[in-house]
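One file, protein-v2.cif, carrying mmCIF, C-alpha atoms:
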data_coords
loop_
_atom_site.label_atom_id
_atom_site.label_comp_id
_atom_site.auth_asym_id
_atom_site.auth_seq_id
_atom_site.Cartn_x
_atom_site.Cartn_y
_atom_site.Cartn_z
CA MET A 4 -0.77 -14.07 16.66
CA THR A 5 1.20 -12.23 14.00
CA HIS A 6 1.78 -8.52 14.59
CA TRP A 7 2.92 -6.19 11.84
CA GLN A 8 4.14 -2.64 12.28
CA GLY A 9 6.23 -0.10 10.41
CA VAL A 10 6.28 1.03 6.80
CA PHE A 11 4.96 -1.54 4.32
CA PRO A 12 5.17 -0.06 0.81
CA ALA A 13 2.49 -1.08 -1.67
CA VAL A 14 4.98 -1.99 -4.39
CA THR A 15 4.33 -1.02 -7.99
CA THR A 16 4.74 -3.78 -10.57
CA LYS A 17 7.37 -2.54 -13.00
CA LEU A 18 6.38 -2.83 -16.65
CA ASP A 19 8.07 -2.24 -19.97
CA GLN A 20 6.49 0.10 -22.49
CA ASP A 21 4.76 -2.80 -24.25
CA GLY A 22 2.96 -3.72 -21.00
CA SER A 23 5.05 -6.79 -20.19
CA ILE A 24 6.27 -7.29 -16.62
CA ASN A 25 9.85 -6.32 -15.88
CA LEU A 26 10.71 -8.67 -13.01
CA GLU A 27 14.31 -7.46 -12.80
CA ALA A 28 13.20 -3.85 -12.25
CA THR A 29 10.58 -5.00 -9.74
CA GLN A 30 13.19 -6.92 -7.76
CA ALA A 31 15.56 -3.95 -7.89
CA SER A 32 12.87 -1.70 -6.45
CA ILE A 33 12.20 -4.17 -3.64
CA ASN A 34 15.89 -4.28 -2.76
CA ARG A 35 15.99 -0.47 -2.76
CA LEU A 36 13.02 -0.33 -0.39
CA ILE A 37 14.50 -2.83 2.05
CA ASP A 38 17.93 -1.17 1.94
CA ASN A 39 16.22 2.07 2.98
CA GLY A 40 14.60 0.58 6.06
CA VAL A 41 11.04 -0.48 5.29
CA SER A 42 9.54 -3.06 7.63
CA GLY A 43 7.59 -5.14 5.10
CA ILE A 44 6.81 -5.52 1.41
CA ILE A 45 3.38 -5.80 -0.23
CA VAL A 46 3.29 -6.90 -3.85
CA LEU A 47 0.17 -6.99 -6.04
CA PRO A 48 -1.67 -4.16 -4.28
CA MET A 49 -3.87 -1.78 -6.25
CA LEU A 50 -0.63 0.03 -7.07
CA GLY A 51 0.73 -3.26 -8.37
CA GLU A 52 -2.11 -3.33 -10.93
CA ASN A 53 -3.36 -6.57 -9.40
CA ALA A 54 -6.64 -6.67 -11.32
CA SER A 55 -4.82 -6.15 -14.63
CA LEU A 56 -2.45 -9.12 -14.28
CA LEU A 57 -3.00 -12.68 -15.46
CA PRO A 58 -2.79 -15.53 -12.90
CA GLN A 59 0.60 -16.67 -14.19
CA GLU A 60 1.90 -13.10 -13.98
CA LYS A 61 0.81 -12.85 -10.35
CA GLU A 62 2.67 -16.06 -9.62
CA ALA A 63 5.79 -14.69 -11.30
CA VAL A 64 5.64 -11.46 -9.30
CA ILE A 65 5.23 -13.23 -5.95
CA ARG A 66 8.02 -15.70 -6.67
CA ALA A 67 10.36 -12.93 -7.84
CA ALA A 68 9.53 -10.88 -4.76
CA LYS A 69 10.19 -13.88 -2.51
CA GLU A 70 13.63 -14.23 -4.08
CA ALA A 71 14.39 -10.53 -3.67
CA VAL A 72 13.10 -10.22 -0.11
CA ALA A 73 15.08 -13.27 1.00
CA SER A 74 13.37 -13.37 4.41
CA ARG A 75 14.65 -9.93 5.40
CA VAL A 76 11.15 -8.55 6.05
CA PRO A 77 7.62 -10.01 5.84
CA LEU A 78 6.33 -10.46 2.28
CA LEU A 79 2.61 -9.87 1.75
CA SER A 80 0.62 -10.16 -1.43
CA GLY A 81 -2.53 -8.34 -2.35
CA LEU A 82 -5.47 -10.67 -3.04
CA ALA A 83 -8.16 -9.24 -5.29
CA GLU A 84 -10.81 -11.59 -6.66
CA ILE A 85 -14.49 -11.63 -7.58
CA SER A 86 -15.83 -14.86 -6.06
CA THR A 87 -15.30 -16.36 -2.63
CA ALA A 88 -14.16 -19.65 -4.14
CA GLY A 89 -11.67 -17.85 -6.36
CA ALA A 90 -10.33 -15.83 -3.46
CA ALA A 91 -9.89 -18.93 -1.29
CA ALA A 92 -8.08 -20.73 -4.11
CA SER A 93 -5.77 -17.75 -4.64
CA ALA A 94 -4.99 -17.59 -0.92
CA ARG A 95 -3.74 -21.18 -1.04
CA LYS A 96 -1.80 -20.61 -4.25
CA PHE A 97 -0.15 -17.43 -3.00
CA GLN A 98 1.01 -19.25 0.12
CA ASP A 99 2.57 -21.91 -2.11
CA TYR A 100 4.30 -19.22 -4.18
CA GLY A 101 5.98 -17.80 -1.06
CA ALA A 102 3.71 -15.07 0.31
CA GLU A 103 3.88 -14.77 4.10
CA GLY A 104 0.71 -12.75 4.45
CA LEU A 105 -2.23 -11.42 2.46
CA MET A 106 -3.72 -7.97 2.04
CA VAL A 107 -7.27 -8.90 1.08
CA PHE A 108 -9.53 -6.66 -0.99
CA PRO A 109 -13.32 -6.92 -0.83
CA SER A 110 -14.94 -8.71 -3.75
CA LEU A 111 -14.15 -6.78 -6.92
CA GLY A 112 -17.38 -7.79 -8.60
CA TYR A 113 -20.06 -7.16 -6.01
CA LYS A 114 -20.67 -4.60 -3.25
CA THR A 115 -21.30 -6.88 -0.27
CA ASP A 116 -23.52 -5.90 2.65
CA PRO A 117 -22.11 -6.17 6.21
CA ARG A 118 -23.06 -9.82 6.70
CA GLU A 119 -21.66 -10.76 3.31
CA THR A 120 -18.50 -8.76 3.91
CA ALA A 121 -17.83 -10.59 7.16
CA GLU A 122 -18.43 -13.97 5.52
CA TRP A 123 -16.10 -13.05 2.64
CA TYR A 124 -13.21 -12.40 5.02
CA LYS A 125 -14.00 -15.41 7.21
CA ALA A 126 -13.91 -17.72 4.20
CA ILE A 127 -10.57 -16.38 3.01
CA ALA A 128 -9.16 -16.53 6.53
CA GLY A 129 -10.07 -20.21 6.66
CA ALA A 130 -8.53 -21.02 3.28
CA SER A 131 -4.85 -20.81 4.29
CA ASP A 132 -2.58 -20.37 7.26
CA LEU A 133 -1.49 -16.89 6.20
CA PRO A 134 -2.12 -13.84 8.38
CA ILE A 135 -4.42 -11.31 6.75
CA MET A 136 -4.58 -7.54 6.53
CA ILE A 137 -8.02 -6.29 5.54
CA TYR A 138 -7.84 -3.70 2.79
CA ASN A 139 -10.56 -1.21 3.67
CA ASN A 140 -10.96 1.31 0.86
CA PRO A 141 -14.65 2.13 0.51
CA ILE A 142 -13.89 5.13 -1.70
CA ALA A 143 -12.50 2.87 -4.43
CA TYR A 144 -14.47 -0.34 -3.86
CA GLY A 145 -17.77 0.69 -2.32
CA VAL A 146 -17.48 -1.64 0.69
CA ASP A 147 -16.70 -0.26 4.14
CA VAL A 148 -15.34 -2.71 6.71
CA THR A 149 -16.68 -0.80 9.68
CA PRO A 150 -15.81 -1.37 13.36
CA ALA A 151 -19.08 -3.31 13.64
CA ILE A 152 -17.96 -5.68 10.87
CA LEU A 153 -14.51 -5.99 12.43
CA LYS A 154 -16.20 -7.13 15.66
CA MET A 155 -17.72 -10.01 13.64
CA LEU A 156 -14.19 -10.95 12.57
CA ALA A 157 -12.47 -10.60 15.93
CA GLU A 158 -12.59 -14.35 16.57
CA CYS A 159 -10.65 -15.14 13.36
CA PRO A 160 -7.07 -15.48 14.60
CA THR A 161 -5.46 -15.09 11.19
CA ILE A 162 -7.09 -11.69 10.56
CA VAL A 163 -4.56 -9.48 12.27
CA ALA A 164 -4.52 -6.02 10.68
CA VAL A 165 -6.56 -3.38 8.86
CA LYS A 166 -5.35 -1.03 6.16
CA GLU A 167 -7.53 1.97 6.98
CA GLU A 168 -8.29 3.99 3.87
CA THR A 169 -11.68 5.57 4.40
CA GLY A 170 -10.10 9.01 4.14
CA ASP A 171 -11.62 9.90 7.52
CA VAL A 172 -8.88 9.91 10.13
CA ARG A 173 -11.51 9.68 12.89
CA ARG A 174 -11.95 6.01 11.98
CA VAL A 175 -8.66 5.20 13.74
CA THR A 176 -10.09 6.27 17.09
CA ASP A 177 -13.43 4.58 16.37
CA MET A 178 -11.63 1.26 15.85
CA PHE A 179 -9.73 1.59 19.10
CA ILE A 180 -12.93 2.43 20.98
CA GLU A 181 -14.78 -0.60 19.59
CA LEU A 182 -11.96 -3.14 19.39
CA GLY A 183 -9.09 -2.02 21.60
CA SER A 184 -5.81 -3.35 20.24
CA ARG A 185 -7.30 -6.48 18.62
CA PHE A 186 -6.15 -5.43 15.13
CA ASP A 187 -2.96 -3.70 14.04
CA ILE A 188 -4.08 -0.47 12.40
CA PHE A 189 -2.20 0.65 9.29
CA CYS A 190 -2.70 4.05 7.75
CA GLY A 191 -3.46 3.48 4.07
CA VAL A 192 -3.45 7.11 2.95
CA ASP A 193 -0.09 8.83 2.54
CA ASP A 194 -1.40 12.28 3.37
CA GLN A 195 -2.83 11.15 6.72
CA ILE A 196 0.14 9.30 8.21
CA VAL A 197 1.12 11.86 10.86
CA GLU A 198 -2.50 12.33 11.88
CA SER A 199 -3.11 8.57 12.04
CA MET A 200 -0.01 7.85 14.11
CA SER A 201 -0.90 10.59 16.55
CA LEU A 202 -4.11 8.61 17.18
CA GLY A 203 -2.35 5.27 17.64
CA ALA A 204 -1.83 3.68 14.21
CA THR A 205 1.36 1.62 14.23
CA GLY A 206 1.76 0.82 10.53
CA TRP A 207 1.68 2.51 7.15
CA VAL A 208 0.82 0.93 3.80
CA SER A 209 2.36 3.61 1.64
CA GLY A 210 2.38 4.45 -2.04
CA MET A 211 4.94 7.23 -2.25
CA THR A 212 7.42 5.19 -0.23
CA ASN A 213 8.13 3.58 -3.61
CA ALA A 214 9.78 6.84 -4.63
CA TRP A 215 11.08 8.12 -1.29
CA PRO A 216 11.63 5.19 1.10
CA LYS A 217 14.27 6.86 3.26
CA GLU A 218 12.15 9.95 3.83
CA CYS A 219 8.95 8.02 4.50
CA VAL A 220 10.69 5.73 6.99
CA GLU A 221 12.05 8.84 8.70
CA ILE A 222 8.57 10.34 9.01
CA PHE A 223 7.27 7.09 10.46
CA ASN A 224 10.13 6.72 12.93
CA LEU A 225 9.82 10.32 14.11
CA CYS A 226 6.12 9.80 14.79
CA ALA A 227 6.75 6.45 16.48
CA SER A 228 9.23 8.13 18.83
CA GLY A 229 6.73 10.88 19.64
CA ASN A 230 8.64 13.57 17.76
CA PHE A 231 5.69 14.90 15.84
CA ALA A 232 7.23 18.37 15.54
CA GLY A 233 10.20 16.87 13.72
CA ALA A 234 7.93 14.76 11.55
CA ARG A 235 5.82 17.76 10.53
CA ASP A 236 8.75 19.57 8.89
CA LEU A 237 9.39 16.68 6.50
CA TYR A 238 5.69 15.87 6.16
CA ARG A 239 4.91 19.39 4.94
CA ILE A 240 7.51 19.04 2.22
CA MET A 241 6.17 15.63 1.17
CA THR A 242 2.43 16.29 1.42
CA PRO A 243 1.86 17.84 -2.04
CA SER A 244 3.27 14.65 -3.55
CA PHE A 245 1.47 12.53 -0.95
CA HIS A 246 -1.81 14.01 -2.21
CA LEU A 247 -1.11 12.24 -5.52
CA ASP A 248 -1.61 8.93 -3.67
CA THR A 249 -5.32 9.66 -3.24
CA HIS A 250 -6.15 10.28 -6.91
CA VAL A 251 -7.81 7.71 -9.19
CA LYS A 252 -4.60 7.80 -11.27
CA LEU A 253 -2.35 7.06 -8.31
CA VAL A 254 -0.69 4.22 -10.23
CA GLN A 255 0.51 6.51 -13.02
CA TYR A 256 1.34 9.31 -10.58
CA ILE A 257 3.44 7.17 -8.24
CA LYS A 258 5.19 5.44 -11.11
CA MET A 259 6.04 8.89 -12.46
CA ALA A 260 7.51 9.80 -9.07
CA GLU A 261 9.64 6.66 -9.13
CA HIS A 262 10.74 7.48 -12.67
CA LEU A 263 11.81 11.01 -11.76
CA VAL A 264 13.45 10.10 -8.44
CA TYR A 265 15.47 7.04 -9.44
CA GLY A 266 14.75 6.15 -13.06
CA ALA A 267 12.24 3.31 -12.69
CA PRO A 268 9.97 2.69 -15.70
CA GLU A 269 6.84 4.81 -15.67
CA TRP A 270 4.69 2.46 -17.75
CA SER A 271 1.37 0.99 -16.63
CA ARG A 272 -1.00 -1.49 -18.25
CA ALA A 273 -4.06 -0.47 -20.26
CA PRO A 274 -6.71 0.68 -19.63
CA ARG A 275 -4.36 2.93 -17.66
CA LEU A 276 -2.59 5.18 -20.17
CA PRO A 277 0.58 7.30 -19.92
CA LEU A 278 0.15 10.82 -18.61
CA THR A 279 -0.02 13.52 -21.25
CA GLY A 280 -0.46 17.26 -21.67
CA GLU A 281 -1.27 19.57 -18.79
CA GLU A 282 -1.86 16.68 -16.39
CA ARG A 283 1.61 15.27 -17.02
CA GLU A 284 3.18 18.71 -16.61
CA ARG A 285 1.31 19.32 -13.35
CA VAL A 286 2.27 15.98 -11.82
CA ILE A 287 5.91 16.36 -12.86
CA ALA A 288 5.97 19.88 -11.40
CA THR A 289 4.58 18.64 -8.08
CA ILE A 290 7.11 15.82 -7.83
CA THR A 291 10.01 18.00 -8.98
CA ALA A 292 9.17 20.61 -6.34
CA THR A 293 9.31 17.91 -3.66
CA ILE A 294 12.66 16.68 -4.99
CA GLU A 295 14.10 20.20 -4.84
CA GLN A 296 12.77 20.92 -1.35
CA LEU A 297 14.24 17.66 -0.08
CA LYS A 298 17.62 18.63 -1.53
CA GLN A 299 17.38 21.97 0.25
CA MET A 300 16.54 20.24 3.53
CA GLN A 301 19.53 17.92 3.12
CA SER A 302 21.77 20.92 2.46
CA ARG A 303 20.55 22.67 5.61
CA ARG A 304 21.15 19.55 7.67
CA ALA A 305 24.66 19.20 6.27
CA ALA A 306 25.54 22.85 6.96
#

Turn this file's structure into structure tokens for me.
Amino acid sequence: MTHWQGVFPAVTTKLDQDGSINLEATQASINRLIDNGVSGIIVLPMLGENASLLPQEKEAVIRAAKEAVASRVPLLSGLAEISTAGAAASARKFQDYGAEGLMVFPSLGYKTDPRETAEWYKAIAGASDLPIMIYNNPIAYGVDVTPAILKMLAECPTIVAVKEETGDVRRVTDMFIELGSRFDIFCGVDDQIVESMSLGATGWVSGMTNAWPKECVEIFNLCASGNFAGARDLYRIMTPSFHLDTHVKLVQYIKMAEHLVYGAPEWSRAPRLPLTGEERERVIATITATIEQLKQMQSRRAA
């Protein structure tokens, strides 16, 4: 059975101002992430504006990512569809395009009940050979893959991990109580990573790692080694920006962080619009403060 662990950034799809995909910038960002020590890459997550891309654009992104990753780390693709048949078909296509795993959303068009949710994931698990991470984000999608539902899925060997994004850190312990170590548990909320790892999570699907991969990998590694005191110092600097990962405009916010930190394009696809006015000023101020505090920390370490 596949086991994933470490920092798996949910990679933003880089766009030009006219909304067209910039594959070169997307590949450059993937190389930057891998060079800074991430353990896996996830393209076409929510942050990758999955639901806003055409099928041929998704294919282009996965193939470009496959070329950039070059087998250095596992390459996963988000899978977000409406119907079970459509999701199964996409699972097979994404495998053909080069994805080595899938992060599977619930149905985007219908809030399934527990029985339906289990059947949704079983059907997708049976559609390809790819290992699957369940994307559990009931805040955004209205479907909660609870420990009880995970027990229904425990016999599916290709379902190997859960991205836990309920916003309630207690869920990590609840999953261990009900399921032991059957599934790899990934924290899916940037501002709960230290808390989640203290409870046993061994992976992190991260948004702000797009902007600060070195620092996020350091936080993860400090926690993994049991040095939570060391992790807290860096975590407290990063947390104001990590809070931006939990907002409905996380795509624009994280792309703005990438833009300010290393010059990546900030553009997203409509209906998402560029940040303006007080909101833009506030987000820039938050990110800039983090940049300055990180510089100060680096100076203290060098002294």

*asked:* Please report the interatomic distance between atom CA of A:Glu168 and atom CA of A:Asp147 in Å with one decimal.
replied: 9.4 Å

*Would you mind telling me which residue in A:Leu133, A:Ala126, A:Ala204, A:Val64 lies nearest to A:Gly183 when using only C-alpha atoms?*
A:Ala204

_Given all atoms listed in the file as the basis, pick out the residue of A:Lys252, A:Arg118, A:Arg304, A:Lys217 nearest to A:Pro274._
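So, comparing all the options, the nearest one is A:Lys252.
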
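Atom pair atom CA of A:Arg185 / atom CA of A:Thr161: separated by 11.5 Å.
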
*Evaluate the PyMOL selection byres ((chain A and resi 31) around 12) on the structure here and hand back the selected residues as number ranges by chain.*
A: 14-17, 25-30, 32-38, 67-68, 70-72, 213, 265-268

Taking 3 positions as the minimum chain separation for residues in the same chain, which residues sit within 7 Å of stretch 77-83 of chain A when counting only C-alpha atoms? Answer as a PDB file with C-alpha atoms, keeping the file's coordinate frame.
ATOM      1  CA  GLY A  43       7.590  -5.140   5.100  1.00  0.00           C
ATOM      2  CA  ILE A  44       6.810  -5.520   1.410  1.00  0.00           C
ATOM      3  CA  ILE A  45       3.380  -5.800  -0.230  1.00  0.00           C
ATOM      4  CA  VAL A  46       3.290  -6.900  -3.850  1.00  0.00           C
ATOM      5  CA  LEU A  47       0.170  -6.990  -6.040  1.00  0.00           C
ATOM      6  CA  PRO A  48      -1.670  -4.160  -4.280  1.00  0.00           C
ATOM      7  CA  ASN A  53      -3.360  -6.570  -9.400  1.00  0.00           C
ATOM      8  CA  ALA A  54      -6.640  -6.670 -11.320  1.00  0.00           C
ATOM      9  CA  SER A  74      13.370 -13.370   4.410  1.00  0.00           C
ATOM     10  CA  ALA A 102       3.710 -15.070   0.310  1.00  0.00           C
ATOM     11  CA  GLU A 103       3.880 -14.770   4.100  1.00  0.00           C
ATOM     12  CA  GLY A 104       0.710 -12.750   4.450  1.00  0.00           C
ATOM     13  CA  LEU A 105      -2.230 -11.420   2.460  1.00  0.00           C
ATOM     14  CA  MET A 106      -3.720  -7.970   2.040  1.00  0.00           C
ATOM     15  CA  VAL A 107      -7.270  -8.900   1.080  1.00  0.00           C
ATOM     16  CA  PHE A 108      -9.530  -6.660  -0.990  1.00  0.00           C
ATOM     17  CA  SER A 110     -14.940  -8.710  -3.750  1.00  0.00           C
ATOM     18  CA  LEU A 111     -14.150  -6.780  -6.920  1.00  0.00           C
TER      19      LEU A 111
END

_Separation of atom CA of A:Ala143 from atom CA of A:Asp19 in Å_ = 26.3 Å

So which residues fall inside 9 Å of (6.1, 5.8, -0.6) if we count only C-alpha atoms? Mind giving them as a compact mmCIF listing (two decimals) with C-alpha atoms, in the coordinates of the input?
# COMPACT_ATOMS: atom_id res chain seq x y z
CA VAL A 10 6.28 1.03 6.80
CA PHE A 11 4.96 -1.54 4.32
CA PRO A 12 5.17 -0.06 0.81
CA ALA A 13 2.49 -1.08 -1.67
CA VAL A 14 4.98 -1.99 -4.39
CA ASP A 193 -0.09 8.83 2.54
CA VAL A 208 0.82 0.93 3.80
CA SER A 209 2.36 3.61 1.64
CA GLY A 210 2.38 4.45 -2.04
CA MET A 211 4.94 7.23 -2.25
CA THR A 212 7.42 5.19 -0.23
CA ASN A 213 8.13 3.58 -3.61
CA ALA A 214 9.78 6.84 -4.63
CA TRP A 215 11.08 8.12 -1.29
CA PRO A 216 11.63 5.19 1.10
CA GLU A 218 12.15 9.95 3.83
CA CYS A 219 8.95 8.02 4.50
CA VAL A 220 10.69 5.73 6.99
CA PHE A 245 1.47 12.53 -0.95
CA ASP A 248 -1.61 8.93 -3.67
CA ILE A 257 3.44 7.17 -8.24

Selection: 12 Å around A:Met4, only C-alpha atoms, excl. self and same-chain fewer than 5 positions, as a PDB file with C-alpha atoms, in the frame of the given file:
ATOM      1  CA  ASP A 132      -2.580 -20.370   7.260  1.00  0.00           C
ATOM      2  CA  LEU A 133      -1.490 -16.890   6.200  1.00  0.00           C
ATOM      3  CA  PRO A 134      -2.120 -13.840   8.380  1.00  0.00           C
ATOM      4  CA  ILE A 135      -4.420 -11.310   6.750  1.00  0.00           C
ATOM      5  CA  GLU A 158     -12.590 -14.350  16.570  1.00  0.00           C
ATOM      6  CA  CYS A 159     -10.650 -15.140  13.360  1.00  0.00           C
ATOM      7  CA  PRO A 160      -7.070 -15.480  14.600  1.00  0.00           C
ATOM      8  CA  THR A 161      -5.460 -15.090  11.190  1.00  0.00           C
ATOM      9  CA  ILE A 162      -7.090 -11.690  10.560  1.00  0.00           C
ATOM     10  CA  VAL A 163      -4.560  -9.480  12.270  1.00  0.00           C
ATOM     11  CA  ALA A 164      -4.520  -6.020  10.680  1.00  0.00           C
ATOM     12  CA  ARG A 185      -7.300  -6.480  18.620  1.00  0.00           C
ATOM     13  CA  PHE A 186      -6.150  -5.430  15.130  1.00  0.00           C
ATOM     14  CA  ASP A 187      -2.960  -3.700  14.040  1.00  0.00           C
TER      15      ASP A 187
END

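For the set A:Ser228, A:Gln296, A:Ser271, A:Asn39, the residue with the smallest atom-to-atom gap to A:Gly22 is A:Ser271, counting only C-alpha atoms.
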
*Close residues, stretch 170-179 of chain A itself excluded, 12 Å, all atoms listed in the file, min 5 positions apart in chain, as a ChimeraX atom specification*: /A:139-143,147-154,157,164-165,184-206,246,248-250

Keeping only C-alpha atoms, write the selected residues to a file as a short mmCIF file (atom, residue, chain, number, x, y, z; two decimals), in the frame of the given file.
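Listing of out08.cif after writing:
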data_model
loop_
_atom_site.label_atom_id
_atom_site.label_comp_id
_atom_site.auth_asym_id
_atom_site.auth_seq_id
_atom_site.Cartn_x
_atom_site.Cartn_y
_atom_site.Cartn_z
CA ASN A 139 -10.56 -1.21 3.67
CA ASN A 140 -10.96 1.31 0.86
CA PRO A 141 -14.65 2.13 0.51
CA ILE A 142 -13.89 5.13 -1.70
CA ALA A 143 -12.50 2.87 -4.43
CA ASP A 147 -16.70 -0.26 4.14
CA VAL A 148 -15.34 -2.71 6.71
CA THR A 149 -16.68 -0.80 9.68
CA PRO A 150 -15.81 -1.37 13.36
CA ALA A 151 -19.08 -3.31 13.64
CA ILE A 152 -17.96 -5.68 10.87
CA LEU A 153 -14.51 -5.99 12.43
CA LYS A 154 -16.20 -7.13 15.66
CA ALA A 157 -12.47 -10.60 15.93
CA ALA A 164 -4.52 -6.02 10.68
CA VAL A 165 -6.56 -3.38 8.86
CA SER A 184 -5.81 -3.35 20.24
CA ARG A 185 -7.30 -6.48 18.62
CA PHE A 186 -6.15 -5.43 15.13
CA ASP A 187 -2.96 -3.70 14.04
CA ILE A 188 -4.08 -0.47 12.40
CA PHE A 189 -2.20 0.65 9.29
CA CYS A 190 -2.70 4.05 7.75
CA GLY A 191 -3.46 3.48 4.07
CA VAL A 192 -3.45 7.11 2.95
CA ASP A 193 -0.09 8.83 2.54
CA ASP A 194 -1.40 12.28 3.37
CA GLN A 195 -2.83 11.15 6.72
CA ILE A 196 0.14 9.30 8.21
CA VAL A 197 1.12 11.86 10.86
CA GLU A 198 -2.50 12.33 11.88
CA SER A 199 -3.11 8.57 12.04
CA MET A 200 -0.01 7.85 14.11
CA SER A 201 -0.90 10.59 16.55
CA LEU A 202 -4.11 8.61 17.18
CA GLY A 203 -2.35 5.27 17.64
CA ALA A 204 -1.83 3.68 14.21
CA THR A 205 1.36 1.62 14.23
CA GLY A 206 1.76 0.82 10.53
CA HIS A 246 -1.81 14.01 -2.21
CA ASP A 248 -1.61 8.93 -3.67
CA THR A 249 -5.32 9.66 -3.24
CA HIS A 250 -6.15 10.28 -6.91
#

Check which residues satisfy the PyMOL selection byres ((chain A and resi 270) around 10) in the file shown, then give them as a compact mmCIF listing (two decimals) with C-alpha atoms, in the frame of the given file.
# COMPACT_ATOMS: atom_id res chain seq x y z
CA THR A 16 4.74 -3.78 -10.57
CA LYS A 17 7.37 -2.54 -13.00
CA LEU A 18 6.38 -2.83 -16.65
CA ASP A 19 8.07 -2.24 -19.97
CA GLN A 20 6.49 0.10 -22.49
CA ASP A 21 4.76 -2.80 -24.25
CA GLY A 22 2.96 -3.72 -21.00
CA SER A 23 5.05 -6.79 -20.19
CA ILE A 24 6.27 -7.29 -16.62
CA VAL A 254 -0.69 4.22 -10.23
CA GLN A 255 0.51 6.51 -13.02
CA LYS A 258 5.19 5.44 -11.11
CA MET A 259 6.04 8.89 -12.46
CA HIS A 262 10.74 7.48 -12.67
CA ALA A 267 12.24 3.31 -12.69
CA PRO A 268 9.97 2.69 -15.70
CA GLU A 269 6.84 4.81 -15.67
CA SER A 271 1.37 0.99 -16.63
CA ARG A 272 -1.00 -1.49 -18.25
CA ALA A 273 -4.06 -0.47 -20.26
CA ARG A 275 -4.36 2.93 -17.66
CA LEU A 276 -2.59 5.18 -20.17
CA PRO A 277 0.58 7.30 -19.92
CA LEU A 278 0.15 10.82 -18.61

*Determine the residue set returned by the PyMOL selection byres ((chain A and resi 112) around 8) for the present structure, and present it as a ChimeraX atom specification.*
/A:84-86,110-111,113-114

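Of the listed residues A:Arg283, A:Ile65, A:Ala128, A:Ala305, the one whose atoms come nearest to A:Gly51 is A:Ile65, with distances taken using all atoms listed in the file.
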
*Which of these residues is nearest to A:Thr169, using all atoms listed in the file: A:Val251, A:Val146, A:Ala130, A:Leu156?*
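Checking each of A:Val251, A:Val146, A:Ala130, A:Leu156 against A:Thr169, counting all atoms listed in the file, the winner is A:Val146.
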
Return as JSON the centre and edge lengths, in Å with one decimal, of the box along x, y and z that encloses every atom of stretch 38-43 of chain A in the file, padded by 3 Å per side.
{"center_x": 12.8, "center_y": -1.5, "center_z": 4.8, "size_x": 16.3, "size_y": 13.2, "size_z": 11.7}

Assuming the input is short of atoms at stretch 26-35 of chain A, produce N, CA, C and O atoms for that part as a PDB file, in the frame of the given file.
ATOM      1  N   LEU A  26      10.450  -8.103 -14.328  1.00  0.00           N
ATOM      2  CA  LEU A  26      10.710  -8.670 -13.010  1.00  0.00           C
ATOM      3  C   LEU A  26      12.030  -8.169 -12.432  1.00  0.00           C
ATOM      4  O   LEU A  26      12.150  -7.973 -11.217  1.00  0.00           O
ATOM      5  N   GLU A  27      13.016  -7.939 -13.284  1.00  0.00           N
ATOM      6  CA  GLU A  27      14.310  -7.460 -12.800  1.00  0.00           C
ATOM      7  C   GLU A  27      14.160  -6.076 -12.154  1.00  0.00           C
ATOM      8  O   GLU A  27      14.697  -5.828 -11.066  1.00  0.00           O
ATOM      9  N   ALA A  28      13.412  -5.182 -12.810  1.00  0.00           N
ATOM     10  CA  ALA A  28      13.200  -3.850 -12.250  1.00  0.00           C
ATOM     11  C   ALA A  28      12.356  -3.918 -10.980  1.00  0.00           C
ATOM     12  O   ALA A  28      12.572  -3.151 -10.034  1.00  0.00           O
ATOM     13  N   THR A  29      11.390  -4.842 -10.945  1.00  0.00           N
ATOM     14  CA  THR A  29      10.580  -5.000  -9.740  1.00  0.00           C
ATOM     15  C   THR A  29      11.432  -5.478  -8.577  1.00  0.00           C
ATOM     16  O   THR A  29      11.320  -4.965  -7.455  1.00  0.00           O
ATOM     17  N   GLN A  30      12.299  -6.443  -8.814  1.00  0.00           N
ATOM     18  CA  GLN A  30      13.190  -6.920  -7.760  1.00  0.00           C
ATOM     19  C   GLN A  30      14.145  -5.819  -7.307  1.00  0.00           C
ATOM     20  O   GLN A  30      14.421  -5.671  -6.104  1.00  0.00           O
ATOM     21  N   ALA A  31      14.659  -5.038  -8.251  1.00  0.00           N
ATOM     22  CA  ALA A  31      15.560  -3.950  -7.890  1.00  0.00           C
ATOM     23  C   ALA A  31      14.870  -2.933  -6.989  1.00  0.00           C
ATOM     24  O   ALA A  31      15.460  -2.418  -6.029  1.00  0.00           O
ATOM     25  N   SER A  32      13.604  -2.653  -7.282  1.00  0.00           N
ATOM     26  CA  SER A  32      12.870  -1.700  -6.450  1.00  0.00           C
ATOM     27  C   SER A  32      12.635  -2.252  -5.054  1.00  0.00           C
ATOM     28  O   SER A  32      12.697  -1.510  -4.059  1.00  0.00           O
ATOM     29  N   ILE A  33      12.381  -3.551  -4.953  1.00  0.00           N
ATOM     30  CA  ILE A  33      12.200  -4.170  -3.640  1.00  0.00           C
ATOM     31  C   ILE A  33      13.486  -4.098  -2.832  1.00  0.00           C
ATOM     32  O   ILE A  33      13.478  -3.756  -1.630  1.00  0.00           O
ATOM     33  N   ASN A  34      14.607  -4.386  -3.456  1.00  0.00           N
ATOM     34  CA  ASN A  34      15.890  -4.280  -2.760  1.00  0.00           C
ATOM     35  C   ASN A  34      16.136  -2.849  -2.291  1.00  0.00           C
ATOM     36  O   ASN A  34      16.616  -2.624  -1.173  1.00  0.00           O
ATOM     37  N   ARG A  35      15.815  -1.880  -3.134  1.00  0.00           N
ATOM     38  CA  ARG A  35      15.990  -0.470  -2.760  1.00  0.00           C
ATOM     39  C   ARG A  35      15.139  -0.120  -1.541  1.00  0.00           C
ATOM     40  O   ARG A  35      15.586   0.585  -0.625  1.00  0.00           O
TER      41      ARG A  35
END
